[in-house]
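Shown next: upload.cif, given as mmCIF, C-alpha atoms and all ligand atoms.
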```cif
data_input
loop_
_atom_site.group_PDB
_atom_site.id
_atom_site.type_symbol
_atom_site.label_atom_id
_atom_site.label_comp_id
_atom_site.auth_asym_id
_atom_site.auth_seq_id
_atom_site.Cartn_x
_atom_site.Cartn_y
_atom_site.Cartn_z
ATOM 1 C CA MET A 152 13.821 -85.622 41.102
ATOM 2 C CA PRO A 153 16.874 -87.385 39.672
ATOM 3 C CA LEU A 154 17.404 -91.015 40.689
ATOM 4 C CA SER A 155 19.444 -91.267 43.891
ATOM 5 C CA ILE A 156 22.165 -93.902 43.674
ATOM 6 C CA ALA A 157 24.500 -95.535 46.164
ATOM 7 C CA VAL A 158 27.962 -96.241 44.747
ATOM 8 C CA LEU A 159 29.824 -99.140 46.389
ATOM 9 C CA VAL A 160 33.621 -99.112 46.134
ATOM 10 C CA SER A 161 36.514 -101.093 47.572
ATOM 11 C CA GLY A 162 39.448 -99.269 46.027
ATOM 12 C CA SER A 163 40.569 -96.344 43.906
ATOM 13 C CA GLY A 164 37.119 -95.337 42.732
ATOM 14 C CA SER A 165 38.095 -94.023 39.301
ATOM 15 C CA ASN A 166 34.717 -95.190 37.982
ATOM 16 C CA LEU A 167 33.067 -93.328 40.869
ATOM 17 C CA GLN A 168 35.014 -90.234 39.766
ATOM 18 C CA ALA A 169 33.770 -90.624 36.182
ATOM 19 C CA ILE A 170 30.194 -90.829 37.498
ATOM 20 C CA ILE A 171 30.682 -87.732 39.691
ATOM 21 C CA ASP A 172 32.183 -85.816 36.753
ATOM 22 C CA ARG A 173 29.308 -86.654 34.389
ATOM 23 C CA ILE A 174 26.768 -85.649 37.045
ATOM 24 C CA GLU A 175 28.583 -82.361 37.715
ATOM 25 C CA ALA A 176 28.763 -81.740 33.961
ATOM 26 C CA GLY A 177 24.959 -81.933 33.885
ATOM 27 C CA VAL A 178 24.983 -84.909 31.508
ATOM 28 C CA LEU A 179 24.181 -87.831 33.814
ATOM 29 C CA ASP A 180 20.777 -87.253 35.360
ATOM 30 C CA ALA A 181 21.261 -88.845 38.793
ATOM 31 C CA ARG A 182 22.492 -87.885 42.233
ATOM 32 C CA ILE A 183 24.790 -89.840 44.528
ATOM 33 C CA GLY A 184 23.072 -90.282 47.893
ATOM 34 C CA LEU A 185 25.886 -92.349 49.392
ATOM 35 C CA VAL A 186 29.321 -93.745 48.667
ATOM 36 C CA LEU A 187 29.864 -96.855 50.733
ATOM 37 C CA SER A 188 32.995 -98.951 51.130
ATOM 38 C CA ASN A 189 33.834 -102.166 52.937
ATOM 39 C CA ARG A 190 37.398 -100.812 53.207
ATOM 40 C CA PRO A 191 37.899 -97.665 55.320
ATOM 41 C CA GLU A 192 41.120 -96.847 53.434
ATOM 42 C CA ALA A 193 39.479 -96.944 49.979
ATOM 43 C CA PHE A 194 40.441 -93.821 48.037
ATOM 44 C CA GLY A 195 36.905 -93.761 46.636
ATOM 45 C CA LEU A 196 35.683 -92.490 50.036
ATOM 46 C CA GLU A 197 38.145 -89.608 49.765
ATOM 47 C CA ARG A 198 36.881 -88.742 46.296
ATOM 48 C CA ALA A 199 33.312 -88.635 47.632
ATOM 49 C CA ARG A 200 34.225 -86.347 50.542
ATOM 50 C CA LYS A 201 35.970 -83.941 48.154
ATOM 51 C CA HIS A 202 32.650 -83.514 46.371
ATOM 52 C CA ASP A 203 30.572 -83.251 49.570
ATOM 53 C CA ILE A 204 28.969 -86.623 48.941
ATOM 54 C CA PRO A 205 28.091 -88.654 52.059
ATOM 55 C CA ALA A 206 30.794 -91.322 52.462
ATOM 56 C CA LEU A 207 30.550 -94.301 54.793
ATOM 57 C CA ALA A 208 32.951 -97.117 55.646
ATOM 58 C CA LEU A 209 31.391 -100.368 56.836
ATOM 59 C CA PRO A 210 34.261 -102.837 57.314
ATOM 60 C CA HIS A 211 32.882 -106.280 56.436
ATOM 61 C CA THR A 212 35.183 -107.750 59.077
ATOM 62 C CA ASP A 213 32.993 -106.101 61.764
ATOM 63 C CA TYR A 214 30.118 -108.470 60.929
ATOM 64 C CA PRO A 215 29.707 -112.173 61.761
ATOM 65 C CA ASP A 216 28.567 -113.201 58.268
ATOM 66 C CA ARG A 217 27.566 -111.944 54.814
ATOM 67 C CA GLU A 218 23.905 -111.645 55.757
ATOM 68 C CA ALA A 219 24.678 -109.329 58.693
ATOM 69 C CA PHE A 220 27.044 -107.211 56.588
ATOM 70 C CA ASP A 221 24.554 -106.908 53.746
ATOM 71 C CA ALA A 222 21.750 -106.053 56.193
ATOM 72 C CA ALA A 223 23.879 -103.173 57.494
ATOM 73 C CA MET A 224 24.490 -101.985 53.930
ATOM 74 C CA ILE A 225 20.775 -102.151 53.121
ATOM 75 C CA ARG A 226 20.007 -100.020 56.181
ATOM 76 C CA ALA A 227 22.652 -97.428 55.295
ATOM 77 C CA ILE A 228 21.572 -97.221 51.648
ATOM 78 C CA ARG A 229 17.902 -96.838 52.579
ATOM 79 C CA GLN A 230 18.735 -94.234 55.223
ATOM 80 C CA ALA A 231 20.549 -92.246 52.548
ATOM 81 C CA GLY A 232 17.429 -92.439 50.369
ATOM 82 C CA ALA A 233 19.239 -94.181 47.535
ATOM 83 C CA GLU A 234 17.102 -96.325 45.249
ATOM 84 C CA ALA A 235 19.685 -97.983 43.017
ATOM 85 C CA VAL A 236 23.070 -99.551 43.724
ATOM 86 C CA ILE A 237 26.109 -99.067 41.515
ATOM 87 C CA LEU A 238 29.023 -101.442 42.092
ATOM 88 C CA ALA A 239 32.249 -99.705 41.104
ATOM 89 C CA GLY A 240 35.143 -101.969 41.998
ATOM 90 C CA PHE A 241 33.276 -103.410 44.990
ATOM 91 C CA MET A 242 35.046 -106.645 45.850
ATOM 92 C CA ARG A 243 32.319 -108.483 47.778
ATOM 93 C CA MET A 244 29.631 -110.840 46.552
ATOM 94 C CA LEU A 245 26.113 -109.716 47.461
ATOM 95 C CA THR A 246 23.597 -111.977 49.191
ATOM 96 C CA PRO A 247 20.204 -112.873 47.687
ATOM 97 C CA GLY A 248 18.652 -110.719 50.460
ATOM 98 C CA PHE A 249 20.566 -107.654 49.303
ATOM 99 C CA LEU A 250 19.639 -108.215 45.649
ATOM 100 C CA ALA A 251 15.974 -108.671 46.609
ATOM 101 C CA ALA A 252 16.052 -105.352 48.492
ATOM 102 C CA PHE A 253 17.113 -103.513 45.312
ATOM 103 C CA SER A 254 15.632 -105.857 42.751
ATOM 104 C CA GLY A 255 16.446 -104.865 39.156
ATOM 105 C CA ARG A 256 18.358 -101.819 40.389
ATOM 106 C CA VAL A 257 21.895 -103.120 40.922
ATOM 107 C CA LEU A 258 24.543 -102.575 38.223
ATOM 108 C CA ASN A 259 28.157 -103.748 37.998
ATOM 109 C CA ILE A 260 31.042 -103.012 35.650
ATOM 110 C CA HIS A 261 33.519 -105.686 34.650
ATOM 111 C CA PRO A 262 36.796 -105.162 32.748
ATOM 112 C CA ALA A 263 36.213 -107.885 30.136
ATOM 113 C CA LEU A 264 33.732 -108.842 27.454
ATOM 114 C CA LEU A 265 31.468 -111.142 29.456
ATOM 115 C CA PRO A 266 30.915 -114.044 29.514
ATOM 116 C CA SER A 267 34.677 -114.263 28.841
ATOM 117 C CA PHE A 268 37.033 -113.669 31.757
ATOM 118 C CA ALA A 269 34.636 -113.337 34.662
ATOM 119 C CA GLY A 270 36.355 -113.058 38.039
ATOM 120 C CA THR A 271 38.654 -110.730 39.914
ATOM 121 C CA HIS A 272 41.298 -110.112 37.210
ATOM 122 C CA GLY A 273 39.283 -109.898 33.986
ATOM 123 C CA ALA A 274 41.593 -107.555 32.057
ATOM 124 C CA ARG A 275 44.792 -109.295 33.108
ATOM 125 C CA ASP A 276 43.344 -112.732 32.379
ATOM 126 C CA ALA A 277 42.354 -111.557 28.881
ATOM 127 C CA ALA A 278 45.870 -110.181 28.280
ATOM 128 C CA ASP A 279 47.486 -113.402 29.515
ATOM 129 C CA TYR A 280 45.182 -115.434 27.273
ATOM 130 C CA GLY A 281 46.408 -113.448 24.283
ATOM 131 C CA VAL A 282 43.051 -112.135 23.069
ATOM 132 C CA LYS A 283 43.130 -109.695 20.139
ATOM 133 C CA ILE A 284 39.966 -107.882 21.202
ATOM 134 C CA ALA A 285 39.239 -106.994 24.823
ATOM 135 C CA GLY A 286 36.776 -104.676 26.529
ATOM 136 C CA CYS A 287 34.341 -104.054 29.331
ATOM 137 C CA THR A 288 30.747 -104.811 30.258
ATOM 138 C CA VAL A 289 28.059 -103.134 32.363
ATOM 139 C CA HIS A 290 25.477 -105.647 33.534
ATOM 140 C CA PHE A 291 22.632 -106.069 35.970
ATOM 141 C CA VAL A 292 23.750 -108.048 39.002
ATOM 142 C CA ASP A 293 22.308 -111.436 39.824
ATOM 143 C CA GLU A 294 23.409 -114.097 42.300
ATOM 144 C CA ILE A 295 26.222 -115.410 40.087
ATOM 145 C CA MET A 296 29.473 -113.440 39.821
ATOM 146 C CA ASP A 297 29.777 -111.291 36.652
ATOM 147 C CA HIS A 298 26.732 -112.963 35.156
ATOM 148 C CA GLY A 299 23.542 -110.851 34.964
ATOM 149 C CA PRO A 300 21.925 -109.367 31.820
ATOM 150 C CA VAL A 301 24.224 -107.129 29.748
ATOM 151 C CA VAL A 302 23.407 -103.406 29.423
ATOM 152 C CA ILE A 303 26.351 -102.147 27.337
ATOM 153 C CA GLN A 304 29.718 -103.427 26.151
ATOM 154 C CA ALA A 305 32.735 -101.693 24.656
ATOM 155 C CA ALA A 306 35.536 -103.421 22.787
ATOM 156 C CA VAL A 307 39.135 -102.352 22.183
ATOM 157 C CA PRO A 308 41.931 -104.051 20.278
ATOM 158 C CA ALA A 309 44.701 -105.597 22.318
ATOM 159 C CA LEU A 310 47.903 -104.128 20.876
ATOM 160 C CA ALA A 311 51.174 -105.904 20.209
ATOM 161 C CA GLY A 312 53.322 -105.536 23.297
ATOM 162 C CA ASP A 313 50.385 -104.897 25.626
ATOM 163 C CA ASP A 314 50.938 -106.328 29.056
ATOM 164 C CA GLY A 315 48.092 -106.771 31.513
ATOM 165 C CA ASP A 316 48.528 -103.257 32.926
ATOM 166 C CA ALA A 317 48.541 -101.499 29.552
ATOM 167 C CA LEU A 318 45.440 -103.336 28.401
ATOM 168 C CA ALA A 319 43.686 -102.800 31.745
ATOM 169 C CA GLY A 320 44.429 -99.062 31.506
ATOM 170 C CA ARG A 321 42.877 -98.730 28.061
ATOM 171 C CA ILE A 322 39.875 -100.764 29.171
ATOM 172 C CA LEU A 323 39.489 -98.580 32.282
ATOM 173 C CA ALA A 324 39.333 -95.427 30.129
ATOM 174 C CA LEU A 325 36.420 -97.012 28.259
ATOM 175 C CA GLU A 326 34.756 -98.059 31.512
ATOM 176 C CA HIS A 327 34.679 -94.370 32.430
ATOM 177 C CA ARG A 328 32.642 -93.704 29.271
ATOM 178 C CA ILE A 329 30.145 -96.556 29.357
ATOM 179 C CA TYR A 330 29.303 -96.692 33.076
ATOM 180 C CA PRO A 331 27.884 -93.146 33.375
ATOM 181 C CA GLN A 332 25.928 -93.815 30.167
ATOM 182 C CA ALA A 333 24.417 -97.039 31.527
ATOM 183 C CA ILE A 334 23.503 -95.335 34.813
ATOM 184 C CA HIS A 335 21.861 -92.512 32.870
ATOM 185 C CA TRP A 336 19.709 -95.040 31.006
ATOM 186 C CA LEU A 337 18.774 -96.688 34.310
ATOM 187 C CA ALA A 338 17.942 -93.300 35.852
ATOM 188 C CA GLN A 339 15.760 -92.439 32.879
ATOM 189 C CA GLY A 340 13.837 -95.700 33.315
ATOM 190 C CA ARG A 341 14.783 -96.742 29.782
ATOM 191 C CA LEU A 342 16.128 -100.222 30.597
ATOM 192 C CA SER A 343 13.866 -103.265 30.737
ATOM 193 C CA VAL A 344 14.981 -106.832 31.235
ATOM 194 C CA GLN A 345 13.413 -109.936 29.713
ATOM 195 C CA GLY A 346 15.295 -113.073 30.588
ATOM 196 C CA ARG A 347 18.908 -112.361 29.628
ATOM 197 C CA LYS A 348 18.025 -109.535 27.237
ATOM 198 C CA VAL A 349 18.173 -105.865 28.192
ATOM 199 C CA HIS A 350 16.067 -103.574 26.032
ATOM 200 C CA LEU A 351 16.961 -99.878 25.776
ATOM 201 C CA ALA A 352 13.971 -97.686 25.005
ATOM 202 C CA PRO A 353 14.966 -95.295 22.210
ATOM 203 C CA THR A 354 14.471 -91.549 22.620
ATOM 204 C CA GLY A 355 16.005 -90.061 19.500
ATOM 205 C CA VAL A 356 18.645 -88.162 21.513
ATOM 206 C CA PRO A 357 21.726 -87.454 19.390
ATOM 207 C CA LEU A 358 24.537 -89.966 19.548
ATOM 208 C CA ALA A 359 28.081 -89.028 20.539
ATOM 209 C CA ASP A 360 30.071 -87.559 17.695
ATOM 210 C CA VAL A 361 33.240 -89.427 18.611
ATOM 211 C CA THR A 362 35.081 -92.541 17.699
ATOM 212 C CA LEU A 363 36.973 -94.101 20.561
ATOM 213 C CA GLY A 364 39.033 -96.424 18.391
ATOM 214 C CA SER A 365 36.629 -98.942 19.762
ATOM 215 C CA LEU A 366 33.220 -100.464 19.299
ATOM 216 C CA VAL A 367 30.529 -99.476 21.798
ATOM 217 C CA SER A 368 27.100 -101.103 21.762
ATOM 218 C CA PRO A 369 24.534 -99.667 22.218
ATOM 219 C CA PRO A 370 26.237 -96.437 20.996
ATOM 220 C CA LEU A 371 27.027 -93.656 23.448
ATOM 221 C CA GLU A 372 24.787 -90.603 23.453
ATOM 222 C CA GLN A 373 26.086 -87.047 23.235
ATOM 223 C CA GLY A 374 28.010 -85.987 26.359
ATOM 224 C CA PHE A 375 29.124 -89.479 27.432
HETATM 225 C C1 LIG B 401 37.441 -101.662 37.372
HETATM 226 O O1 LIG B 401 38.315 -102.239 36.458
HETATM 227 C C2 LIG B 401 36.121 -102.364 37.356
HETATM 228 O O2 LIG B 401 35.776 -102.840 36.083
HETATM 229 C C3 LIG B 401 36.348 -103.516 38.291
HETATM 230 O O3 LIG B 401 37.141 -102.986 39.314
HETATM 231 C C4 LIG B 401 37.887 -101.884 38.815
HETATM 232 C C5 LIG B 401 37.582 -100.714 39.699
HETATM 233 O O4 LIG B 401 38.382 -99.614 39.409
HETATM 234 N N1 LIG B 401 35.095 -104.071 38.729
HETATM 235 P P1 LIG B 401 38.073 -98.214 40.121
HETATM 236 O O5 LIG B 401 38.071 -98.456 41.638
HETATM 237 O O6 LIG B 401 36.770 -97.708 39.625
HETATM 238 O O7 LIG B 401 39.225 -97.336 39.726
#
```
With the file now loaded, output its structure as structure tokens.
Amino acid sequence: MPLSIAVLVSGSGSNLQAIIDRIEAGVLDARIGLVLSNRPEAFGLERARKHDIPALALPHTDYPDREAFDAAMIRAIRQAGAEAVILAGFMRMLTPGFLAAFSGRVLNIHPALLPSFAGTHGARDAADYGVKIAGCTVHFVDEIMDHGPVVIQAAVPALAGDDGDALAGRILALEHRIYPQAIHWLAQGRLSVQGRKVHLAPTGVPLADVTLGSLVSPPLEQGF
């Protein structure tokens, strides 16, 4: 049985779409048991419904505090039978109780090369800073924002004339490549964490025969 994941979104859900597309292409070996949003108007919920994936809105404003909201999310995720949690533009911090419920099975994607430019506007902050190389990071989630052990990173050059939006767009296209890959590794049970280091168990599967005009580490496998 493929790993069942819950994808948490607050907005557009383009990363969710990339995950759905790689699953439907038969490349990413996982299934989405639930798409959950704290914002009922999130377009990510719409994307899920279009693909007959259970979609649930739990407005955080309906709950007295973070603990109560997270407890409701834990219940919904467990009811859906999902075993891992994928944050895809989910704009809420998770409580220690939530992380304990899915210990070692919560991933996030961030539009910057962590530990640089943590926070809500990673790509824009990098552009404003004037970096020459930008990128994105998939990491395990711990109790500190944008902080847990790094699974995969991809780097792209910042081009002359790039504003925050242009750079964010090119980073987002890379996010759509590396997030399904990282989830595939998680689903295959190939990721182990020791301290800050994430080890990827090798399998000898062929690597992707593409160059993205970027540096991706570890390298993408065929199909991602
Ligand atoms: C992405 O840039 C992601 O890195 C960040 O939030 C954004 C979500 O975009 N955490 P989308 O909703 O997946 O389109």
Just need the box for ligand LIG 401 (chain B), edges along x, y and z, holding every atom the file lists for it with 6 Å tacked onto each side, so centre and edge lengths in Å to one decimal, as AutoDock Vina command-line options.
```
--center_x 37.2 --center_y -100.7 --center_z 38.9 --size_x 16.1 --size_y 18.7 --size_z 17.6
```
Find the distance between CA of Ala306 in chain A and CA of Leu318 in chain A and write it in Å to one decimal.
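Computed distance, CA of Ala306 in chain A to CA of Leu318 in chain A, equals 11.4 Å.
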Counting all atoms listed in the file, which residue out of A:Ala227, A:Leu250, A:Ala277, A:Leu323 sits closest to ligand LIG 401 (chain B)?
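Closest residue, counting all atoms listed in the file: A:Leu323.
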I want to know what sits within 12 Å of range 198-201 of chain A, based on all atoms listed in the file, with residues of the same chain fewer than 4 positions away left out; could you give that as a list in words?
Ala157, Val158, Leu159, Val160, Gly162, Ser163, Gly164, Ser165, Asn166, Leu167, Gln168, Ala169, Ile170, Ile171, Asp172, Ile183, Gly184, Leu185, Val186, Leu187, Ser188, Glu192, Ala193, Phe194, Pro205, Ala206, Leu207 and Ala208 of chain A
Just the residues within 10 Å of Gln304 in chain A, please, counting all atoms listed in the file, with nothing from its chain fewer than 5 positions along; format it as a ChimeraX atom specification.
/A:260-265,286-290,325-326,329-330,333,366-370
Select, from A:Ala278, A:Ala231, A:Ala309, A:Ala252, the residue with the minimum atom-to-atom distance to Arg182 in chain A, counting all atoms listed in the file.
A:Ala231
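For the choices A:Gly320, A:Gly255, A:Gly312, A:Gly177, the atom-to-atom distance to Arg275 in chain A is smallest for A:Gly320 when using only C-alpha atoms.
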Apply the PyMOL selection byres (((chain A and resi 345-355) around 7) and not hetatm) to the displayed file and report the matching residues as JSON, numbers by chain.
{"A": [300, 301, 302, 341, 342, 343, 344, 356, 357]}
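Computed from the coordinates, the CA of Ala311 in chain A to atom O2 of ligand LIG 401 (chain B) distance equals 22.3 Å.
For the pair CA of Ser267 in chain A and CA of Gly281 in chain A, the interatomic distance is 12.6 Å.
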Could you check which of A:Ser254, A:Ser155, A:Asn259, A:Gln339 is closest to ligand LIG 401 (chain B), using all atoms listed in the file?
A:Asn259
Counting only C-alpha atoms, which of A:Ala305, A:Asp180, A:Gln230, A:Leu337 gets nearest to Arg256 in chain A?
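Going through A:Ala305, A:Asp180, A:Gln230, A:Leu337 one by one, the smallest distance to Arg256 in chain A is for A:Leu337.
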For ligand LIG 401 (chain B), which residue among A:Val292, A:Val178, A:Ala359, A:Ala239 is the nearest when counting only C-alpha atoms and all ligand atoms?
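Smallest distance to ligand LIG 401 (chain B) is found for A:Ala239.
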Identify all residues satisfying the PyMOL selection byres (((chain A and resi 375) around 9) and not hetatm) in the given file; provide them as a PyMOL selection string.
chain A and resi 173+178-179+327-329+331-332+359+371-374
